[in-house]
Each structure stands twice: as C-alpha cells, then as structure tokens.
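Text of the file coords_0.cif, holding mmCIF, C-alpha atoms:
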```
data_start
#
loop_
_atom_site.label_atom_id
_atom_site.label_comp_id
_atom_site.auth_asym_id
_atom_site.auth_seq_id
_atom_site.Cartn_x
_atom_site.Cartn_y
_atom_site.Cartn_z
CA MET A 1 -14.54 -28.28 -42.77
CA LEU A 2 -11.59 -29.19 -40.56
CA ALA A 3 -11.06 -32.45 -42.46
CA TRP A 4 -11.23 -30.64 -45.80
CA THR A 5 -8.86 -27.91 -44.66
CA MET A 6 -6.28 -30.32 -43.23
CA SER A 7 -6.44 -32.74 -46.16
CA HIS A 8 -5.88 -30.09 -48.82
CA PRO A 9 -2.44 -30.74 -50.34
CA GLU A 10 -1.37 -27.11 -49.93
CA THR A 11 -2.35 -26.82 -46.25
CA GLN A 12 0.58 -26.87 -43.85
CA VAL A 13 -0.46 -28.91 -40.84
CA ARG A 14 1.87 -28.30 -37.91
CA THR A 15 2.81 -30.80 -35.22
CA PRO A 16 0.42 -29.52 -32.49
CA ALA A 17 -2.54 -30.10 -34.82
CA ARG A 18 -1.54 -33.71 -35.37
CA ARG A 19 -0.33 -34.44 -31.85
CA ALA A 20 -3.40 -32.99 -30.15
CA PHE A 21 -6.01 -33.61 -32.81
CA ASP A 22 -8.87 -34.34 -30.39
CA HIS A 23 -8.35 -30.99 -28.68
CA LEU A 24 -7.86 -29.30 -32.05
CA ARG A 25 -11.17 -30.66 -33.30
CA ASP A 26 -13.06 -29.30 -30.30
CA ALA A 27 -11.26 -25.96 -30.46
CA PHE A 28 -11.87 -25.68 -34.22
CA ALA A 29 -15.58 -26.38 -33.78
CA ALA A 30 -15.87 -23.80 -31.00
CA GLU A 31 -14.00 -21.18 -33.03
CA PHE A 32 -16.09 -21.92 -36.12
CA ASP A 33 -19.33 -21.64 -34.15
CA GLY A 34 -18.17 -18.34 -32.71
CA ARG A 35 -17.32 -16.96 -36.14
CA ARG A 36 -20.38 -18.43 -37.87
CA PRO A 37 -23.15 -18.53 -35.24
CA ALA A 38 -25.81 -18.98 -37.92
CA GLY A 39 -24.37 -22.32 -39.01
CA GLY A 40 -22.17 -23.74 -41.75
CA LEU A 41 -20.94 -22.28 -45.01
CA VAL A 42 -23.14 -22.64 -48.07
CA LEU A 43 -21.17 -23.56 -51.21
CA ALA A 44 -23.34 -23.29 -54.29
CA ALA A 45 -22.67 -25.62 -57.22
CA GLU A 46 -22.06 -22.87 -59.77
CA PRO A 47 -20.98 -23.52 -63.36
CA GLY A 48 -17.25 -24.13 -63.50
CA ARG A 49 -17.11 -24.76 -59.76
CA THR A 50 -18.63 -28.22 -59.67
CA SER A 51 -17.14 -31.65 -59.26
CA PRO A 52 -18.77 -34.98 -60.15
CA LEU A 53 -18.66 -37.77 -57.63
CA ARG A 54 -16.84 -40.56 -59.43
CA TYR A 55 -15.48 -43.97 -58.52
CA ARG A 56 -12.28 -45.19 -60.13
CA GLY A 57 -11.44 -48.87 -59.93
CA ALA A 58 -8.18 -49.88 -58.29
CA SER A 59 -7.10 -51.43 -61.56
CA GLY A 60 -7.50 -48.10 -63.28
CA THR A 61 -9.43 -49.71 -66.11
CA PHE A 62 -12.80 -48.09 -65.48
CA GLU A 63 -14.56 -45.11 -63.91
CA VAL A 64 -18.22 -44.56 -63.13
CA ASP A 65 -20.36 -41.71 -61.84
CA VAL A 66 -21.82 -42.47 -58.41
CA ALA A 67 -25.61 -42.01 -58.29
CA PRO A 68 -25.70 -38.76 -60.29
CA ASP A 69 -29.49 -38.72 -60.27
CA VAL A 70 -29.64 -39.03 -56.47
CA ILE A 71 -26.74 -36.88 -55.32
CA GLY A 72 -26.76 -34.37 -58.12
CA THR A 73 -23.91 -31.99 -58.84
CA LEU A 74 -21.49 -31.24 -55.99
CA PRO A 75 -19.40 -28.08 -55.62
CA ASP A 76 -15.69 -28.50 -56.36
CA LEU A 77 -14.10 -27.50 -53.06
CA ALA A 78 -10.85 -26.61 -54.77
CA GLN A 79 -12.70 -23.82 -56.56
CA PHE A 80 -13.56 -21.97 -53.32
CA PRO A 81 -10.23 -20.45 -52.18
CA GLU A 82 -11.88 -17.90 -49.90
CA THR A 83 -13.55 -20.68 -47.92
CA LEU A 84 -10.32 -22.66 -47.73
CA ALA A 85 -8.52 -19.54 -46.47
CA PHE A 86 -11.16 -19.16 -43.76
CA GLY A 87 -10.60 -22.75 -42.65
CA ARG A 88 -6.83 -22.28 -42.63
CA GLU A 89 -7.15 -19.14 -40.53
CA ILE A 90 -9.11 -21.00 -37.87
CA LEU A 91 -6.72 -23.95 -38.09
CA GLY A 92 -3.73 -21.65 -37.58
CA ARG A 93 -5.27 -19.89 -34.59
CA CYS A 94 -6.22 -23.15 -32.90
CA THR A 95 -2.82 -24.69 -33.61
CA ASP A 96 -1.01 -21.72 -32.08
CA ARG A 97 -3.02 -22.09 -28.89
CA LEU A 98 -2.03 -25.75 -28.61
CA ASP A 99 1.72 -25.09 -28.84
CA ALA A 100 2.44 -25.24 -25.10
CA TYR A 101 0.36 -28.38 -24.59
CA SER A 102 1.96 -30.04 -27.61
CA ARG A 103 5.50 -29.32 -26.42
CA HIS A 104 4.71 -30.80 -23.01
CA VAL A 105 3.14 -33.93 -24.50
CA GLY A 106 6.06 -34.25 -26.91
CA ARG A 107 8.44 -34.42 -23.94
CA HIS A 108 6.12 -36.55 -21.79
CA PRO A 109 3.81 -38.62 -24.03
CA SER A 110 2.44 -40.68 -21.13
CA ARG A 111 1.26 -37.58 -19.24
CA ALA A 112 -1.07 -36.10 -21.84
CA SER A 113 -4.10 -36.34 -19.54
CA THR A 114 -2.50 -35.08 -16.31
CA LEU A 115 -3.66 -31.81 -14.79
CA GLN A 116 -0.25 -30.31 -15.51
CA ALA A 117 -0.70 -31.04 -19.22
CA LEU A 118 -4.38 -30.06 -19.42
CA ALA A 119 -3.62 -26.76 -17.70
CA LEU A 120 -1.55 -25.82 -20.77
CA LEU A 121 -4.57 -26.00 -23.06
CA PRO A 122 -6.30 -22.75 -24.06
CA PRO A 123 -8.88 -21.73 -21.42
CA ASP A 124 -12.06 -22.84 -23.22
CA GLU A 125 -10.62 -26.18 -24.29
CA ARG A 126 -9.09 -26.63 -20.83
CA GLN A 127 -12.52 -26.47 -19.22
CA ARG A 128 -13.91 -29.03 -21.66
CA ALA A 129 -10.94 -31.34 -21.12
CA LEU A 130 -11.10 -31.07 -17.33
CA GLY A 131 -14.72 -32.14 -17.46
CA ALA A 132 -13.70 -35.38 -19.15
CA ALA A 133 -10.38 -36.13 -17.44
CA GLY A 134 -8.67 -35.17 -14.22
CA ARG A 135 -11.86 -34.07 -12.48
CA GLY A 136 -11.19 -36.24 -9.43
CA ASP A 137 -7.71 -34.84 -8.87
CA LEU A 138 -8.94 -31.28 -9.38
CA GLU A 139 -11.72 -31.76 -6.83
CA TRP A 140 -9.17 -33.18 -4.38
CA LEU A 141 -6.96 -30.10 -4.78
CA ALA A 142 -9.91 -27.71 -4.52
CA ALA A 143 -11.06 -29.35 -1.29
CA ARG A 144 -7.59 -28.88 0.23
CA ALA A 145 -7.55 -25.27 -0.91
CA ASP A 146 -10.91 -24.61 0.74
CA ALA A 147 -9.66 -26.22 3.96
CA GLY A 148 -6.52 -24.05 3.97
CA ALA A 149 -4.47 -26.70 5.78
CA SER A 150 -0.96 -27.87 4.94
CA VAL A 151 -0.74 -30.63 2.34
CA PRO A 152 2.31 -32.83 1.65
CA PHE A 153 4.19 -31.47 -1.35
CA ALA A 154 4.57 -34.96 -2.80
CA ASP A 155 0.78 -35.45 -2.84
CA VAL A 156 0.14 -32.19 -4.68
CA PHE A 157 2.97 -32.75 -7.15
CA GLY A 158 1.75 -36.28 -7.85
CA ARG A 159 -1.85 -35.18 -8.41
CA LEU A 160 -0.76 -32.53 -10.89
CA SER A 161 2.05 -34.21 -12.80
CA GLY A 162 1.55 -37.93 -12.31
CA GLN A 163 5.12 -38.12 -11.02
CA ALA A 164 6.68 -38.90 -7.67
CA ALA A 165 8.79 -36.15 -6.10
CA ASP A 166 9.64 -35.64 -2.45
CA LYS A 167 11.86 -32.57 -2.69
CA ALA A 168 10.21 -29.19 -3.22
CA THR A 169 12.88 -27.42 -5.26
CA PRO A 170 12.34 -23.79 -6.31
CA ALA A 171 11.89 -24.91 -9.92
CA ARG A 172 9.22 -27.44 -8.97
CA LEU A 173 7.42 -24.93 -6.77
CA ARG A 174 7.33 -22.40 -9.62
CA GLU A 175 6.07 -25.12 -11.93
CA LEU A 176 3.33 -26.04 -9.46
CA GLY A 177 2.39 -22.39 -8.99
CA ASP A 178 2.05 -21.87 -12.75
CA THR A 179 -0.10 -24.98 -13.16
CA LEU A 180 -2.31 -24.29 -10.17
CA CYS A 181 -3.06 -20.69 -11.15
CA ARG A 182 -4.46 -21.91 -14.48
CA LEU A 183 -6.76 -24.14 -12.44
CA GLY A 184 -7.89 -21.29 -10.19
CA LEU A 185 -5.70 -22.17 -7.20
CA GLY A 186 -2.80 -20.48 -5.46
CA LEU A 187 0.29 -22.02 -3.85
CA ILE A 188 2.34 -21.20 -0.77
CA PRO A 189 5.30 -21.18 -0.81
CA ASP A 190 6.03 -19.83 -4.27
CA PRO A 191 9.63 -18.66 -4.83
CA ARG A 192 8.31 -15.50 -6.50
CA PHE A 193 6.81 -14.43 -3.17
CA PRO A 194 8.52 -13.66 0.14
CA ALA A 195 7.32 -16.72 2.12
CA ARG A 196 10.23 -19.00 3.03
CA HIS A 197 10.38 -22.10 0.84
CA ALA A 198 13.74 -23.73 1.57
CA GLY A 199 13.29 -27.38 2.48
CA ALA A 200 9.50 -27.25 2.33
CA SER A 201 7.91 -30.68 2.61
CA SER A 202 4.35 -29.33 2.76
CA VAL A 203 2.47 -26.58 0.95
CA VAL A 204 -0.70 -24.57 1.47
CA LEU A 205 -3.27 -24.22 -1.31
CA PHE A 206 -5.89 -21.49 -1.51
CA PRO A 207 -8.64 -20.59 -3.99
CA LEU A 208 -8.09 -17.70 -6.39
CA GLU A 209 -10.78 -15.41 -7.74
CA GLY A 210 -10.64 -17.47 -10.93
CA PRO A 211 -8.19 -19.22 -13.28
CA ALA A 212 -5.33 -17.06 -14.55
CA GLU A 213 -2.81 -17.68 -17.29
CA ALA A 214 0.16 -16.45 -15.24
CA VAL A 215 1.10 -15.80 -11.63
CA GLU A 216 1.09 -12.07 -11.00
CA PRO A 217 4.27 -10.88 -9.24
CA PRO A 218 3.91 -9.48 -5.71
CA THR A 219 3.20 -5.76 -5.45
CA ASP A 220 4.85 -3.40 -2.98
CA ALA A 221 1.58 -3.28 -1.05
CA TYR A 222 1.58 -7.05 -0.70
CA ARG A 223 5.23 -7.14 0.39
CA ALA A 224 4.53 -4.55 3.09
CA ALA A 225 1.46 -6.44 4.31
CA PHE A 226 3.36 -9.73 4.35
CA LEU A 227 6.15 -8.15 6.39
CA THR A 228 3.62 -6.89 8.93
CA LEU A 229 1.95 -10.30 9.07
CA SER A 230 5.31 -12.04 9.53
CA VAL A 231 6.26 -9.90 12.52
CA GLY A 232 2.74 -10.13 13.92
CA MET A 233 2.91 -13.92 13.84
CA LEU A 234 6.26 -13.84 15.67
CA VAL A 235 4.68 -11.73 18.41
CA ALA A 236 1.70 -14.09 18.62
CA MET A 237 4.04 -17.08 18.93
CA ALA A 238 6.40 -15.47 21.44
CA ASP A 239 4.67 -17.04 24.45
CA GLY A 240 4.62 -20.47 22.80
CA GLU A 241 0.96 -20.44 21.78
CA VAL A 242 -1.09 -18.69 19.12
CA THR A 243 -4.58 -18.06 20.47
CA ASP A 244 -7.77 -17.75 18.45
CA ASP A 245 -7.94 -14.06 19.41
CA GLU A 246 -4.46 -13.49 18.00
CA ARG A 247 -5.37 -15.35 14.82
CA ALA A 248 -8.47 -13.18 14.47
CA VAL A 249 -6.41 -9.98 14.68
CA LEU A 250 -3.98 -11.29 12.06
CA ARG A 251 -6.84 -12.33 9.76
CA GLU A 252 -8.38 -8.90 10.14
CA MET A 253 -5.07 -7.31 9.23
CA ALA A 254 -4.95 -9.40 6.06
CA ALA A 255 -8.52 -8.41 5.23
CA VAL A 256 -8.05 -4.65 5.60
CA SER A 257 -4.48 -4.10 4.39
CA PRO A 258 -4.65 -1.26 1.85
CA GLY A 259 -3.80 -1.48 -1.83
CA LEU A 260 -4.14 -5.25 -2.28
CA ALA A 261 -5.74 -6.97 -5.26
CA PRO A 262 -8.38 -9.62 -4.40
CA ASP A 263 -6.03 -12.54 -5.01
CA GLU A 264 -3.26 -10.87 -2.99
CA ARG A 265 -5.69 -10.62 -0.10
CA ARG A 266 -6.52 -14.31 -0.48
CA ARG A 267 -2.83 -15.15 -0.56
CA LEU A 268 -2.15 -13.07 2.54
CA ALA A 269 -4.90 -14.88 4.44
CA ALA A 270 -3.31 -18.21 3.49
CA ASP A 271 0.12 -16.83 4.41
CA SER A 272 -1.09 -16.63 7.98
CA SER A 273 -1.46 -20.42 8.13
CA TRP A 274 1.93 -20.90 6.48
CA LEU A 275 3.69 -18.50 8.84
CA GLU A 276 2.22 -20.20 11.89
CA ALA A 277 3.74 -23.50 10.71
CA THR A 278 6.89 -21.96 9.20
CA PRO A 279 7.58 -18.69 11.04
CA ALA A 280 9.99 -16.12 9.69
CA GLU A 281 13.15 -15.21 11.59
CA LEU A 282 13.35 -11.70 12.98
CA PRO A 283 16.95 -11.05 11.82
CA SER A 284 15.86 -11.74 8.24
CA LEU A 285 13.13 -9.09 8.56
CA ARG A 286 15.24 -6.38 10.19
CA ALA A 287 16.44 -4.67 7.01
CA ARG A 288 12.92 -4.50 5.57
CA LEU A 289 11.53 -3.09 8.81
CA VAL A 290 14.11 -0.31 8.77
CA GLU A 291 13.22 0.54 5.16
CA LEU A 292 9.58 1.27 6.02
CA GLY A 293 8.49 4.89 6.10
CA ALA A 294 7.80 6.52 9.46
CA GLU A 295 4.02 6.35 9.07
CA ARG A 296 4.11 2.72 8.02
CA ARG A 297 6.45 1.79 10.89
CA GLN A 298 4.05 3.34 13.35
CA ALA A 299 1.12 1.43 11.81
CA VAL A 300 3.08 -1.82 12.11
CA GLY A 301 3.88 -1.03 15.74
CA ASP A 302 0.23 -0.36 16.55
CA MET A 303 -0.83 -3.64 14.93
CA LEU A 304 1.80 -5.60 16.88
CA VAL A 305 0.53 -4.14 20.14
CA ARG A 306 -3.01 -5.20 19.15
CA VAL A 307 -1.80 -8.75 18.54
CA ALA A 308 -0.02 -8.93 21.88
CA SER A 309 -3.04 -7.49 23.71
CA SER A 310 -5.73 -9.50 21.94
CA ASP A 311 -5.77 -12.38 24.44
CA GLY A 312 -6.06 -10.05 27.45
CA ARG A 313 -2.60 -10.67 28.86
CA HIS A 314 0.98 -9.62 28.15
CA ASP A 315 3.58 -12.34 28.39
CA ARG A 316 7.15 -11.32 29.14
CA ALA A 317 8.38 -12.97 25.96
CA GLU A 318 5.87 -10.96 23.92
CA ILE A 319 6.93 -7.70 25.57
CA ALA A 320 10.61 -8.48 25.03
CA LEU A 321 10.00 -9.20 21.35
CA LEU A 322 7.92 -6.04 20.95
CA GLU A 323 10.72 -3.97 22.46
CA LYS A 324 13.23 -5.52 20.08
CA VAL A 325 11.04 -4.89 17.02
CA PHE A 326 10.37 -1.32 18.12
CA ARG A 327 14.12 -0.72 18.42
CA HIS A 328 14.65 -2.09 14.91
CA MET A 329 12.01 0.29 13.57
CA GLY A 330 13.27 3.27 15.57
CA ILE A 331 10.02 3.65 17.55
CA GLU A 332 10.23 4.96 21.09
CA ARG A 333 9.57 2.38 23.80
CA ASP A 334 7.02 4.77 25.32
CA ARG A 335 4.70 3.94 22.40
CA LEU A 336 4.29 0.39 23.71
#
```

The structure in this file should be written as structure tokens.
Amino acid sequence: MLAWTMSHPETQVRTPARRAFDHLRDAFAAEFDGRRPAGGLVLAAEPGRTSPLRYRGASGTFEVDVAPDVIGTLPDLAQFPETLAFGREILGRCTDRLDAYSRHVGRHPSRASTLQALALLPPDERQRALGAAGRGDLEWLAARADAGASVPFADVFGRLSGQAADKATPARLRELGDTLCRLGLGLIPDPRFPARHAGASSVVLFPLEGPAEAVEPPTDAYRAAFLTLSVGMLVAMADGEVTDDERAVLREMAAVSPGLAPDERRRLAADSSWLEATPAELPSLRARLVELGAERRQAVGDMLVRVASSDGRHDRAEIALLEKVFRHMGIERDRL
C-alpha cells in the first residue's frame, strides 16, 4: 500500500519520506497494523472499477493481456479514492514524525546512524532502529549511567554524535541533554539546571525513569533541594575529606526531599557525585540562602548539622563554615 500511495501521480511525497524511506516503511507498516489490526484492505473487482493486466511492447506496436485466465480481473486502484486517501493520511502522519530526523540527516548525511540522529526518530521507530544500529554505544552509555561516575565529555559526545569535541560548551551540553533524555538517560551538568558547567571536561550520566521527548525544566522544589545539597557538600568537604557517613546523609536528603518528581530525585542523587568533584562556591549561594523562607532555612540548618555530626566528630573548619552559613541565613548561632 505504501508503494501504491507514493507512486500515485497526485500524491505529494515530501523530502523526509524519500530521505528516510527505510524508517518510513517501518513506521507506515506499524501505523497500518495499528489502524487495521485484522489485516489488509480488501478491494473487490467491481464492474467499472477493474483494470486488466496488460503488457505493452517498448516499440509501441503491440499489446497483450497477461495470463487473463490465471490472474483474472484486477481492481483498478485509481477507482478507490477512499483507500488512497487512507494511505495518504498514514503517509502524512509518518512523514511529519520524521521531520526532525530528516533535517539532521540533511545537514549531516554521514551521521544518519549515530545515536544523536536515531534519537530524533519517533519513539516506536527509535526503538526498532536502536535494536539494529547503535546498540553498542547505547549499552556503553547505560553502563556509565548505572555506575554514576564521571565520564570524559569527549567520550560521551563522540559516542552520541560520531564527532570529536573536547570543549563542553553550553550549546553542546544542551544538545547532549536533549539526545540523552530521548534515550532514557540524564546529564550533569546541563545548563538548564543549577549545577556549575563552565569549563567542564567530564560529565555524570544517570538513568531516567524512561525515555522522554524533552528535558523538563527544574522545579522550585528541585532548586531548593539542590541548594541544600550544595551547602551540605561544602560542609562535608570542609575538613578536606568526605566520609561515607556524610555521603549517606546527603543521599538520604536527596531521597526524602519533598515535592520532587522521580527523575528530579534521580538527578539530585547524581548531583551529589558532581558536587563532590565540582563543589559550589559559598558566595554564589548566599543570595539564594537568604531568599529561603524561615521554615526552610531552619530545615537546611538542621540538615547541615546532621552532615557535620555524621562522622562522630566536629572539625574546626566544619564549625567555622556552619557558623558562616548560619549567619547568611539569619539563624542564631545557639541553634548549632
């Protein structure tokens, strides 16, 4: 049906359908099966809607019916406009879904099978395509996400785009974040989120709940939790060492912070690893600490004391930093 629909002289076949025909064919078949689960369309050879199967010689000097006794009378497809309209509807829907992929391949013809390109396919076709191409790179990325360790930016960018790039610019990080989320992975740092990204040579990957078509912007609840985590990590690092007990308190904070969506909670857990390697600077957090409500400031203060006390000792550097943070938040020193 796809061949008939596309070959009809009055069908407008757009560039994505031609440029990504293999993906179009699979998408068309899946859409057709979904719309017609019982099978194909039956076209009856009714009077006035039939077409003989004839062979015309290249010289134009003769014509002959082809096995009329064996094949019989065939329906004239041009006489079934409702069926042609059905085929064009499916063709149009599938072509629209291939627009983003087609534009990318048009700009970068040699990268049609990279993860960055395949991630632009519609979700169902993306899963089929990933099963045939790019599976090794995707498994490599997923393994790094499960490990939660820092990965060189150049390695991740190369696996996704097939290009070499050493510098993690904001534009490239956003591009990576968009691609990874369609593959079910999250990225830190992402310029849309508060984690510092200037001059990043490494990134942290983490698994999402599932693939998503767009990166959801950070909520106020996430921003507040990230601020608390940032200051908590500074307190944990004040004595020059982050202990397992301190990490456990910070992980618990990420797990129980109120108002977070599941993927925000996953991101916050990965933020902990990023902040340990790339800590925030207290002066950059001061304004946001002051903006917190009184109840929230007190909750942050209590959590910071828990972090400092988690290893059973209180280092002078930790106490000095706690006092400074408490002053910024307007909390009495007696609450320490």

For this session: May I have the residues within 10 Å of A:Asp271 as a list of chain:residue names, using only C-alpha atoms and disregarding those fewer than 4 positions away in the same chain?
Result: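 Residues meeting the cut-off are A:Gly148, A:Leu187, A:Ile188, A:Pro189, A:Pro194, A:Ala195, A:Val204, A:Leu205, A:Phe206, A:Phe226, A:Leu229, A:Ser230, A:Arg251, A:Ala254, A:Arg265, A:Arg266, A:Arg267, A:Leu275, A:Glu276, A:Ala277, A:Thr278.
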
> Near A:Arg223, counting all atoms listed in the file, which residues have an atom at most 10 Å away, once you skip same-chain residues fewer than 5 positions from it, shown as number ranges by chain?
Replying inline: A: 193-195, 218, 228-229, 260, 264, 268, 288

**Request:** Would you kindly translate the PyMOL selection byres ((chain A and resi 103-111) around 10) into the concrete residues it picks from this file, as a VMD selection string?
**Result:** chain A and resid 15 to 16 19 to 20 98 to 102 112 to 118 120 160 to 163

- Message: One number please: atom CA of A:Thr5 to atom CA of A:Arg88, in Å, one decimal.
- Response: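 Separation between atom CA of A:Thr5 and atom CA of A:Arg88: 6.3 Å.
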
Selection under test: the PyMOL selection byres ((chain A and resi 316-330) around 6); residues as a tab-separated table (two decimals) with C-alpha atoms, in the frame of the given file:
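Heads up, here's the output in selection20.tsv:
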```tsv
chain	number	residue	atom	x	y	z
A	235	VAL	CA	4.68	-11.73	18.41
A	238	ALA	CA	6.40	-15.47	21.44
A	239	ASP	CA	4.67	-17.04	24.45
A	289	LEU	CA	11.53	-3.09	8.81
A	290	VAL	CA	14.11	-0.31	8.77
A	315	ASP	CA	3.58	-12.34	28.39
A	331	ILE	CA	10.02	3.65	17.55
```
